[in-house]
Structures are given as C-alpha cells and as structure tokens.
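> Here it is, the structure in full.
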Amino acid sequence: GEVQHHEFVIQEVPVKRLCKTRSIATVNGQFPGPTIEARNGDTLIITVINQAKYNVTLHWHGIRQFRTAWADGPEFITQCPIRPGGSYTYRFTIRGQEGTLWWHAHSSWLRATVYGALIIRPKEDSSYPFVKPKKEFSVILGEWWDQNPMEVVRAATITGASPDISDAFTVNGQPGDLYNCSSEETTTFPVNPGELNLFRFINAALNAELFVSIAGHTMTVVAADASYTNPFPTSVLILAPGQTTDVLVAMDQPPSRYYIAARAYATANGVPFDNTTATAVVEYDCGCHSGLGQPPAPPVFPALPAFNDTAAAAAFSCSIKSPKPVKLPAPVDEGLFFTVGLGLLDCEPDRVCGGPNGSRFSASINNVSFVLPTTHSILQAHRLTVPGVFTSDFPAAPPVKFDFTGDNVGRELWQPEQGTKVYRLKYGSVVELVLQGTSIFAAENHPIHLHGYNFFILAEGIGNFDPARDTAKFNQVDPPLRNTVGVPARGWAAIRFVADNPGVWLLHCHLDVHITWGLAMVFLVEDGAGQLQSLEPAPVDLPLC
Ligand code: C2O
C-alpha cells in the first residue's frame with residue numbers, strides 16, 4: 001500500500017448554526033473535518049497539532065490497529081490526552097478492511113464537532129464486490145447544540161442530572177431546511193438521472209440512534225461498519241452512534257428534488273429526546289429548477305418510522321448478514337455475560353445533585369461503573385508496570401442473576417461500584433459475549449462498540465437472555481461482522497470474536513452520555529506471559545499525563 005501523510009490541526013473557529021454563532025473545535029477549521037480516502041493496505045501517518053484550548057485525542061473508529069494499539073486514541077486508555085500546544089503522530093496500517101469508517105475525538109464530548117469520514121477502497125488491483133457506482137457521497141449524521149457541548153457535559157457532570165438534549169441533527173454539518181436560519185445551507189447531493197450511486201452513511205451523533213431514509217428511492221445495503229454484507233433492499237436505515245452503512249441507490253425516479261431525512265429512534269418512556277428532523281436534498285440535474293424564473297418545487301419528503309418503532313429497527317438490524325457463509329470461530333474459550341444499563345449513585349454529602357431523588361446518574365457493565373485513570377493510560381501503565389492505575393478483576397458475569405428487564409431490583413443492583421477494572425483475555429482465545437440490557441432506570445438501547453476488533457453478531461432478542469432457549473437462535477451460518485452492536489432496549493445481543501489483537505481495548509456504549517456515566521470496560525489482550533510482546537514500541541512522542 002501507499003503511505004499517506006496528513007496534518008490535523010485542532011483549532012477553534014466560529015460557526016453559525018440555528019441563527020447563532022459560536023466557536024467550535026475543528027480539524028483544520030473544517031466542520032465536519034477532512035475526509036481521509038485510503039485503500040486497503042495503506043499506511044496512514046497523521047500528525048495532530050493541538051492549537052485549541054481543550055485536551056484532545058483522535059480515534060480511528062473501526063480500524064483494527066493490529067500491533068498499533070498506541071494509535072487507537074481513547075484518552076487514558078491507550079494514551080494520555082494531547083494538551084493544548086502539544087502534538088502526537090498516529091501511525092497505523094489498514095489491514096484487510098474495506099468500506100466506510102470514520103474518525104472522531106475521543107476526549108470528553110469533543111467529538112460533537114471533531115469528526116470526519118475515513119473511506120477505505122479496495123486495493124488497486126481489486127474492486128468492489130458490487131457494480132461500480134458512478135458517484136460516491138459521504139453522508140455524516142451529527143448532532144448540534146446551541147451551547148458548547150463541552151459545557152453541556154460539564155454542567156451535567158457537576159449536577160449528576162441528565163445533560164441537555166441537542167437542538168438539531170445534521171447532515172454533513174448542516175441541519176437542513178426544517179430548522180430556523182438553515183435552509184440556505186442545506187446539504188445537497190447532485191445526481192444525474194439513470195446513475196447508480198453509493199451513499200456512505202455514518203452516524204456521528206453523540207446521543208441518538210437515527211432512522212434515515214431517501215424519499216422515493218430504494219436503498220440496497222452493501223456494507224456495514226466496513227464489512228461487506230449480503231445486499232438487500234430497504235426504504236429505511238437505522239444507525240446507532242458509531243455505525244456506518246453503505247447503500248447503492250439507482251437514480252431512477254422522475255428528475256426532481258428528494259429529501260434525505262434523519263430523526264431519532266428513541267425507546268425509553270419518559271426520557272426526553274431531540275425529536276427534530278435533519279434534512280439534505282438529493283437533486284437531479286434535469287434543468288427543471290433553473291432558468292425559468294420559477295422557484296424549485298419543494299422536495300419530496302420520505303416516510304420515516306415512528307420514533308419508537310422497535311419492530312422496524314429490529315427488522316433492519318436482523319437483515320444485515322455476511323455475504324457468504326462464515327467460518328465461525330469455535331469452540332468458545334471464554335463465555336462472558338455483561339449487563340449494560342443505567343444506575344444511580346448517592347450524592348456526596350457536600351454536593352447538591354440533580355438526578356432522580358437527589359442522586360446522580362450512573363451507568364455500568366456488570367455493576368461496575370468505569371472510572372478513567374488520570375496518571376497514566378492503561379496501556380502505558382501496563383507497559384511500564386505502574387501499579388495502582390487499574391485492577392484486573394472485572395467480573396465475567398454480574399454479581400447476581402436477577403430480572404434484568406424488570407423495573408424493581410434491589411438497591412445493590414442499581415447502585416454500581418466504581419472502578420478501573422480490566423478483563424484479561426488470553427491471546428487467541430475465542431470469546432462469546434452476551435450483552436444484556438437492564439431496565440433499572442429507563443430501558444434504552446445501548447450501541448456497544450469494541451475497539452480493536454470486529455465481531456460476529458450471532459443474535460439479538462427481547463427479554464432476559466436464556467441460554468437454553470436463545471443459543472438455538474444464534475446465526476452460525478452468515479452472521480454479520482461489525483464493530484458496534486445495538487443492544488435492544490429490554491433485550492440482549494450475543495457476539496463472538498477471536499482475541500487475536502494484543503493491546504488494551506475499550507468496550508463502551510457509544511451514546512456519549514452513557515460513557516460519561518461509566519458504561520465502559522477494558523479488555524487486556526496479552527500475548528506472551530503477562531505481556532504485550534508483539535506490540536510495537538511506544539512512539540517517542542506519546543503524550544504523558
Ligand atoms: Cu467511536 Cu470508543 O469510539
């Protein structure tokens with residue numbers, strides 16, 4: 001492959017959205033940030049220069065990072081943040097991955113504005129496993145706040161209450177013409193009649209799963225999370241934060257203007273959510289909206305499912321399959337069962353808290369609420385054998401078996417323990433992980449993302465996972481390979497992967513509000529006796545805490 005060099009300068013620039021101007025953190029002054037276009041096999045060398053007032057790290061979401069965990073990016077997991085005035089160079093090679101990924105800041109809520117597409121095309125001598133599209137478009141769905149999102153999360157962290165919901169969703173940084181002061185800048189995708197085009201959808205929103213649709217057009221799904229899929233037609237996509245979906249679309253409708261519309265999929269009763277709708281326009285070049293002095297006809301609006309249409313969401317996720325039968329890794333060496341969900345913490349005596357009944361919101365996996373270290377990243381601490389940064393006692397199962405999807409559970413189960421706990425995986429072991437949503441406070445979907453890996457999604461279901469009944473539902477033939485799985489509200493998902501990538505890998509809910517509350521844990525995959533033998537040496541410019 002080729003070696004690509006990029007310079008990413010983190011800088012604040014004024015941006016006007018929803019009638020208001022505020023300063024936002026960007027890469028190179030661009031919002032969304034620059035698109036990286038690469039080929040499978042390329043090496044990327046990206047120097048990040050931090051000229052903003054925030055600590056920052058960048059994460060290359062979905063990149064496997066074989067032996068280069070140092071370049072993965074989550075703050076305090078694989079590196080300390082790049083301080084204002086500092087810099088760090090990420091170096092990694094794309095190995096065996098093709099499709100759409102993305103990059104984003106992995107520091108507090110900075111990714112609200114610091115993100116961009118990472119497109120990986122086949123090697124020079126290879127091609128797509130589908131008809132070559134005429135045009136390719138990146139469609140990055142985002143979320144916008146009138147206030148600085150770093151202040152939104154700061155305020156919520158102080159009070160322990162739920163952070164303010166966003167004020168808009170965006171398509172390539174623009175809310176679109178259903179919002180005030182936004183119609184002039186609505187994102188437009190120019191197309192020609194008869195073309196077959198590829199649209200690469202990315203959900204970069206912080207806290208919302210999104211339904212998205214293109215009026216009048218059928219989409220054929222050909223890839224998800226940079227793995228090809230068995231193509232299938234659909235009129236609507238559902239993307240959890242972190243997920244990507246590539247679709248082919250034939251421009252076979254009467255030449256006109258058609259909306260792409262995106263809005264939240266929200267399942268938790270009584271939990272406020274942003275129920276606005278972002279739009280962009282697919283505009284046929286037909287000579288039909290210029291020259292005649294007539295204003296263009298308003299675009300055609302798509303039908304979107306209701307905000308709580310669980311059946312539509314489940315039907316879509318279950319349609320995603322690998323293109324060919326896969327060789328499912330077996331037998332299972334590590335059978336893990338993780339509960340994922342919300343909880344509450346008592347307010348400290350000297351504080352006033354804004355969560356339910358004067359508590360603070362929290363979230364946990366197996367009743368452990370993850371706390372980021374502060375003195376070293378976990379990877380640095382492991383490499384330098386610094387004690388006291390993390391412990392290796394993350395539990396393989398919750399402390400007790402209970403009615404996970406029931407609402408009434410004992411205090412010990414909704415009041416998690418806090419800690420920086422890792423789970424050690426033997427290099428090469430086959431891991432099966434059942435992710436069980438809990439309903440302790442508000443049953444919500446949890447898009448669970450694993451760094452450093454793709455995993456097969458064997459099945460998902462509603463209710464309490466029951467091995468006797470539910471393992472029979474596992475797709476052992478053509479399960480999809482992804483890096484983020486939407487664990488359904490009041491339900492579960494089962495995944496399997498081989499721990500073949502040494503390093504320190506974060507598993508977390510990709511709703512930023514939940515990772516803020518501690519819905520995360522870390523896998524430590526060692527090769528060699530208690531070591532990360534085949535990892536490349538730490539880069540000399542690795543930021544220290
Ligand atoms: Cu896309 Cu840990 O993140």
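Residue numbers start at 1 in each chain; chains themselves are named A, B, ... in the order of the structure tokens; ligands are numbered from 1 in the order shown.
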Which residues in stretch 227-399 of chain A does DSSP call strand (DSSP E or B)? List them as number ranges by chain.
A: 227-234, 237-239, 244-250, 257-265, 277-284, 300, 334-345, 360-365, 368-370, 391
> Which residues, written as a PyMOL selection string, have at least one atom at most 7 Å from stretch 204-221 of chain A, with only C-alpha atoms counted and residues fewer than 6 positions away on the same chain left out?
chain A and resi 112+140-143+231-242+245-249+258-265+300-302+304+511-513
> What does the file look like for those residues with N, CA and C atoms, as a compact mmCIF listing (two decimals), in the first residue's frame?

# COMPACT_ATOMS: atom_id res chain seq x y z
N ALA A 112 -18.42 15.94 19.33
CA ALA A 112 -19.60 16.62 18.79
C ALA A 112 -19.26 17.41 17.54
N ILE A 140 -22.69 12.16 6.62
CA ILE A 140 -22.36 12.05 8.04
C ILE A 140 -23.46 12.71 8.86
N LEU A 141 -24.12 11.90 9.67
CA LEU A 141 -25.20 12.40 10.51
C LEU A 141 -24.59 12.83 11.84
N GLY A 142 -24.92 14.04 12.27
CA GLY A 142 -24.35 14.56 13.51
C GLY A 142 -25.42 15.16 14.39
N GLU A 143 -24.96 15.77 15.46
CA GLU A 143 -25.88 16.32 16.45
C GLU A 143 -25.33 17.68 16.88
N PRO A 231 -26.29 -8.14 -0.06
CA PRO A 231 -27.11 -6.98 -0.42
C PRO A 231 -28.60 -7.22 -0.20
N PHE A 232 -29.28 -6.22 0.35
CA PHE A 232 -30.74 -6.31 0.47
C PHE A 232 -31.34 -4.92 0.31
N PRO A 233 -32.57 -4.86 -0.23
CA PRO A 233 -33.19 -3.56 -0.46
C PRO A 233 -33.94 -3.09 0.79
N THR A 234 -33.99 -1.79 1.00
CA THR A 234 -34.72 -1.25 2.14
C THR A 234 -35.12 0.19 1.84
N SER A 235 -36.17 0.67 2.51
CA SER A 235 -36.55 2.07 2.34
C SER A 235 -36.06 2.90 3.52
N VAL A 236 -35.61 2.24 4.59
CA VAL A 236 -35.15 2.98 5.76
C VAL A 236 -33.94 2.28 6.37
N LEU A 237 -33.01 3.07 6.89
CA LEU A 237 -31.86 2.53 7.62
C LEU A 237 -32.01 2.92 9.08
N ILE A 238 -31.43 2.10 9.95
CA ILE A 238 -31.26 2.53 11.33
C ILE A 238 -29.78 2.44 11.65
N LEU A 239 -29.26 3.53 12.17
CA LEU A 239 -27.84 3.56 12.53
C LEU A 239 -27.70 4.00 13.98
N ALA A 240 -27.03 3.18 14.75
CA ALA A 240 -26.68 3.58 16.12
C ALA A 240 -25.43 4.43 16.04
N PRO A 241 -25.19 5.30 17.04
CA PRO A 241 -23.96 6.08 17.01
C PRO A 241 -22.75 5.16 16.87
N GLY A 242 -21.87 5.52 15.96
CA GLY A 242 -20.68 4.70 15.71
C GLY A 242 -20.82 3.83 14.48
N THR A 245 -23.24 2.55 7.32
CA THR A 245 -23.93 1.68 6.36
C THR A 245 -23.77 2.26 4.96
N ASP A 246 -23.29 1.42 4.04
CA ASP A 246 -23.13 1.85 2.65
C ASP A 246 -24.30 1.31 1.83
N VAL A 247 -24.89 2.18 1.03
CA VAL A 247 -26.02 1.75 0.20
C VAL A 247 -25.82 2.20 -1.24
N LEU A 248 -26.26 1.34 -2.15
CA LEU A 248 -26.32 1.71 -3.57
C LEU A 248 -27.73 2.23 -3.83
N VAL A 249 -27.82 3.32 -4.59
CA VAL A 249 -29.13 3.88 -4.92
C VAL A 249 -29.17 4.19 -6.41
N TYR A 258 -35.34 15.38 -3.87
CA TYR A 258 -35.84 14.40 -2.91
C TYR A 258 -35.09 14.58 -1.59
N TYR A 259 -35.84 14.60 -0.49
CA TYR A 259 -35.19 14.73 0.81
C TYR A 259 -34.52 13.44 1.26
N ILE A 260 -33.35 13.60 1.87
CA ILE A 260 -32.84 12.59 2.80
C ILE A 260 -33.23 13.13 4.17
N ALA A 261 -33.90 12.33 4.99
CA ALA A 261 -34.31 12.83 6.31
C ALA A 261 -33.83 11.87 7.39
N ALA A 262 -33.41 12.43 8.51
CA ALA A 262 -32.92 11.62 9.64
C ALA A 262 -33.55 12.13 10.92
N ARG A 263 -34.04 11.21 11.71
CA ARG A 263 -34.54 11.59 13.04
C ARG A 263 -34.37 10.44 14.01
N ALA A 264 -34.53 10.77 15.29
CA ALA A 264 -34.16 9.84 16.36
C ALA A 264 -35.06 8.62 16.42
N TYR A 265 -34.42 7.51 16.77
CA TYR A 265 -35.12 6.30 17.21
C TYR A 265 -34.95 6.28 18.73
N VAL A 300 -39.54 16.18 -2.23
CA VAL A 300 -40.45 15.14 -1.77
C VAL A 300 -39.92 14.61 -0.44
N PHE A 301 -40.81 14.45 0.54
CA PHE A 301 -40.40 14.01 1.87
C PHE A 301 -40.59 12.50 2.04
N PRO A 302 -39.61 11.81 2.66
CA PRO A 302 -39.76 10.36 2.82
C PRO A 302 -40.65 10.00 4.01
N LEU A 304 -40.86 8.13 7.34
CA LEU A 304 -39.93 7.58 8.34
C LEU A 304 -40.75 6.82 9.38
N LEU A 511 -23.27 5.93 23.12
CA LEU A 511 -24.02 7.13 23.50
C LEU A 511 -23.09 7.86 24.47
N ASP A 512 -22.65 9.06 24.12
CA ASP A 512 -21.63 9.72 24.94
C ASP A 512 -22.10 9.97 26.37
N VAL A 513 -23.42 10.21 26.53
CA VAL A 513 -23.90 10.44 27.88
C VAL A 513 -23.68 9.18 28.73
> Grab me every residue within 8 Å of ligand 1, counting only C-alpha atoms and all ligand atoms, and send it over as a VMD selection string.
chain A and resid 59 to 62 74 102 to 104 106 241 to 242 449 to 451 506 to 508 510
> What would the file look like if the residues just selected were written as a compact mmCIF listing (two decimals), in the first residue's frame with N, CA and C atoms?

# COMPACT_ATOMS: atom_id res chain seq x y z
N HIS A 59 -9.56 9.13 17.58
CA HIS A 59 -9.78 7.67 17.46
C HIS A 59 -10.22 7.37 16.04
N TRP A 60 -9.70 6.30 15.49
CA TRP A 60 -9.98 5.87 14.11
C TRP A 60 -10.97 4.73 14.23
N HIS A 61 -12.23 5.12 14.33
CA HIS A 61 -13.30 4.19 14.74
C HIS A 61 -13.44 3.02 13.76
N GLY A 62 -13.16 1.81 14.28
CA GLY A 62 -13.32 0.61 13.46
C GLY A 62 -12.02 0.08 12.89
N PRO A 74 -8.42 6.37 22.47
CA PRO A 74 -9.28 6.79 23.58
C PRO A 74 -8.45 7.33 24.76
N TRP A 102 -14.85 5.97 10.18
CA TRP A 102 -14.77 7.41 10.45
C TRP A 102 -13.79 7.64 11.58
N TRP A 103 -13.43 8.87 11.78
CA TRP A 103 -12.54 9.21 12.89
C TRP A 103 -13.24 10.26 13.73
N HIS A 104 -12.92 10.27 15.02
CA HIS A 104 -13.54 11.28 15.89
C HIS A 104 -12.68 11.50 17.12
N HIS A 106 -11.77 11.49 20.92
CA HIS A 106 -12.17 10.53 21.96
C HIS A 106 -11.79 11.09 23.31
N PRO A 241 -25.19 5.30 17.04
CA PRO A 241 -23.96 6.08 17.01
C PRO A 241 -22.75 5.16 16.87
N GLY A 242 -21.87 5.52 15.96
CA GLY A 242 -20.68 4.70 15.71
C GLY A 242 -20.82 3.83 14.48
N HIS A 449 -19.75 -0.61 21.41
CA HIS A 449 -18.63 -0.58 20.47
C HIS A 449 -17.40 -1.19 21.12
N LEU A 450 -16.73 -2.07 20.38
CA LEU A 450 -15.48 -2.67 20.86
C LEU A 450 -14.33 -2.13 20.02
N HIS A 451 -13.34 -1.56 20.67
CA HIS A 451 -12.14 -1.09 19.97
C HIS A 451 -11.26 -2.28 19.57
N LEU A 506 -10.96 -0.74 24.65
CA LEU A 506 -12.15 -0.22 25.33
C LEU A 506 -13.41 -0.83 24.71
N LEU A 507 -14.32 -1.26 25.57
CA LEU A 507 -15.68 -1.65 25.16
C LEU A 507 -16.61 -0.65 25.83
N HIS A 508 -17.47 0.00 25.06
CA HIS A 508 -18.31 1.01 25.69
C HIS A 508 -19.58 1.27 24.91
N HIS A 510 -21.76 3.67 22.86
CA HIS A 510 -21.38 4.81 22.03
C HIS A 510 -22.35 5.99 22.16
> Between A:Leu18, A:Asp527, A:Gln11, A:Leu198, which is the closest to A:Gly33 once you count only C-alpha atoms?
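Counting only C-alpha atoms, the residue closest to A:Gly33 is A:Gln11.
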> At a cut-off of 10 Å, using only C-alpha atoms, what residues contact A:Lys20? Leave out same-chain residues fewer than 5 positions from it and give the result as a PyMOL selection string.
chain A and resi 14-15+146-147+181
> Of the candidates A:Ser317, A:Ser429, A:Asn408, A:Thr26, which one gets nearest to A:Gly335 if we count only C-alpha atoms?
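Ranked by minimum distance to A:Gly335, first place goes to A:Ser429.
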> Taking only C-alpha atoms into account, name the residue in A:Gly341, A:Gly419, A:Gly194, A:Gly85 that is nearest to A:Phe394.
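Checking each of A:Gly341, A:Gly419, A:Gly194, A:Gly85 against A:Phe394, counting only C-alpha atoms, the winner is A:Gly419.
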> If we count only C-alpha atoms, what is near A:Val389 at a cut-off of 8 Å, once residues fewer than 5 positions away on the same chain are taken out, given as a ChimeraX atom specification?
/A:373,375-376,378,381,420
> Residues at most 9 Å from A:Leu535, counting only C-alpha atoms, excluding those fewer than 4 positions away in the same chain, as a ChimeraX atom specification?
/A:66-70,502-503,527
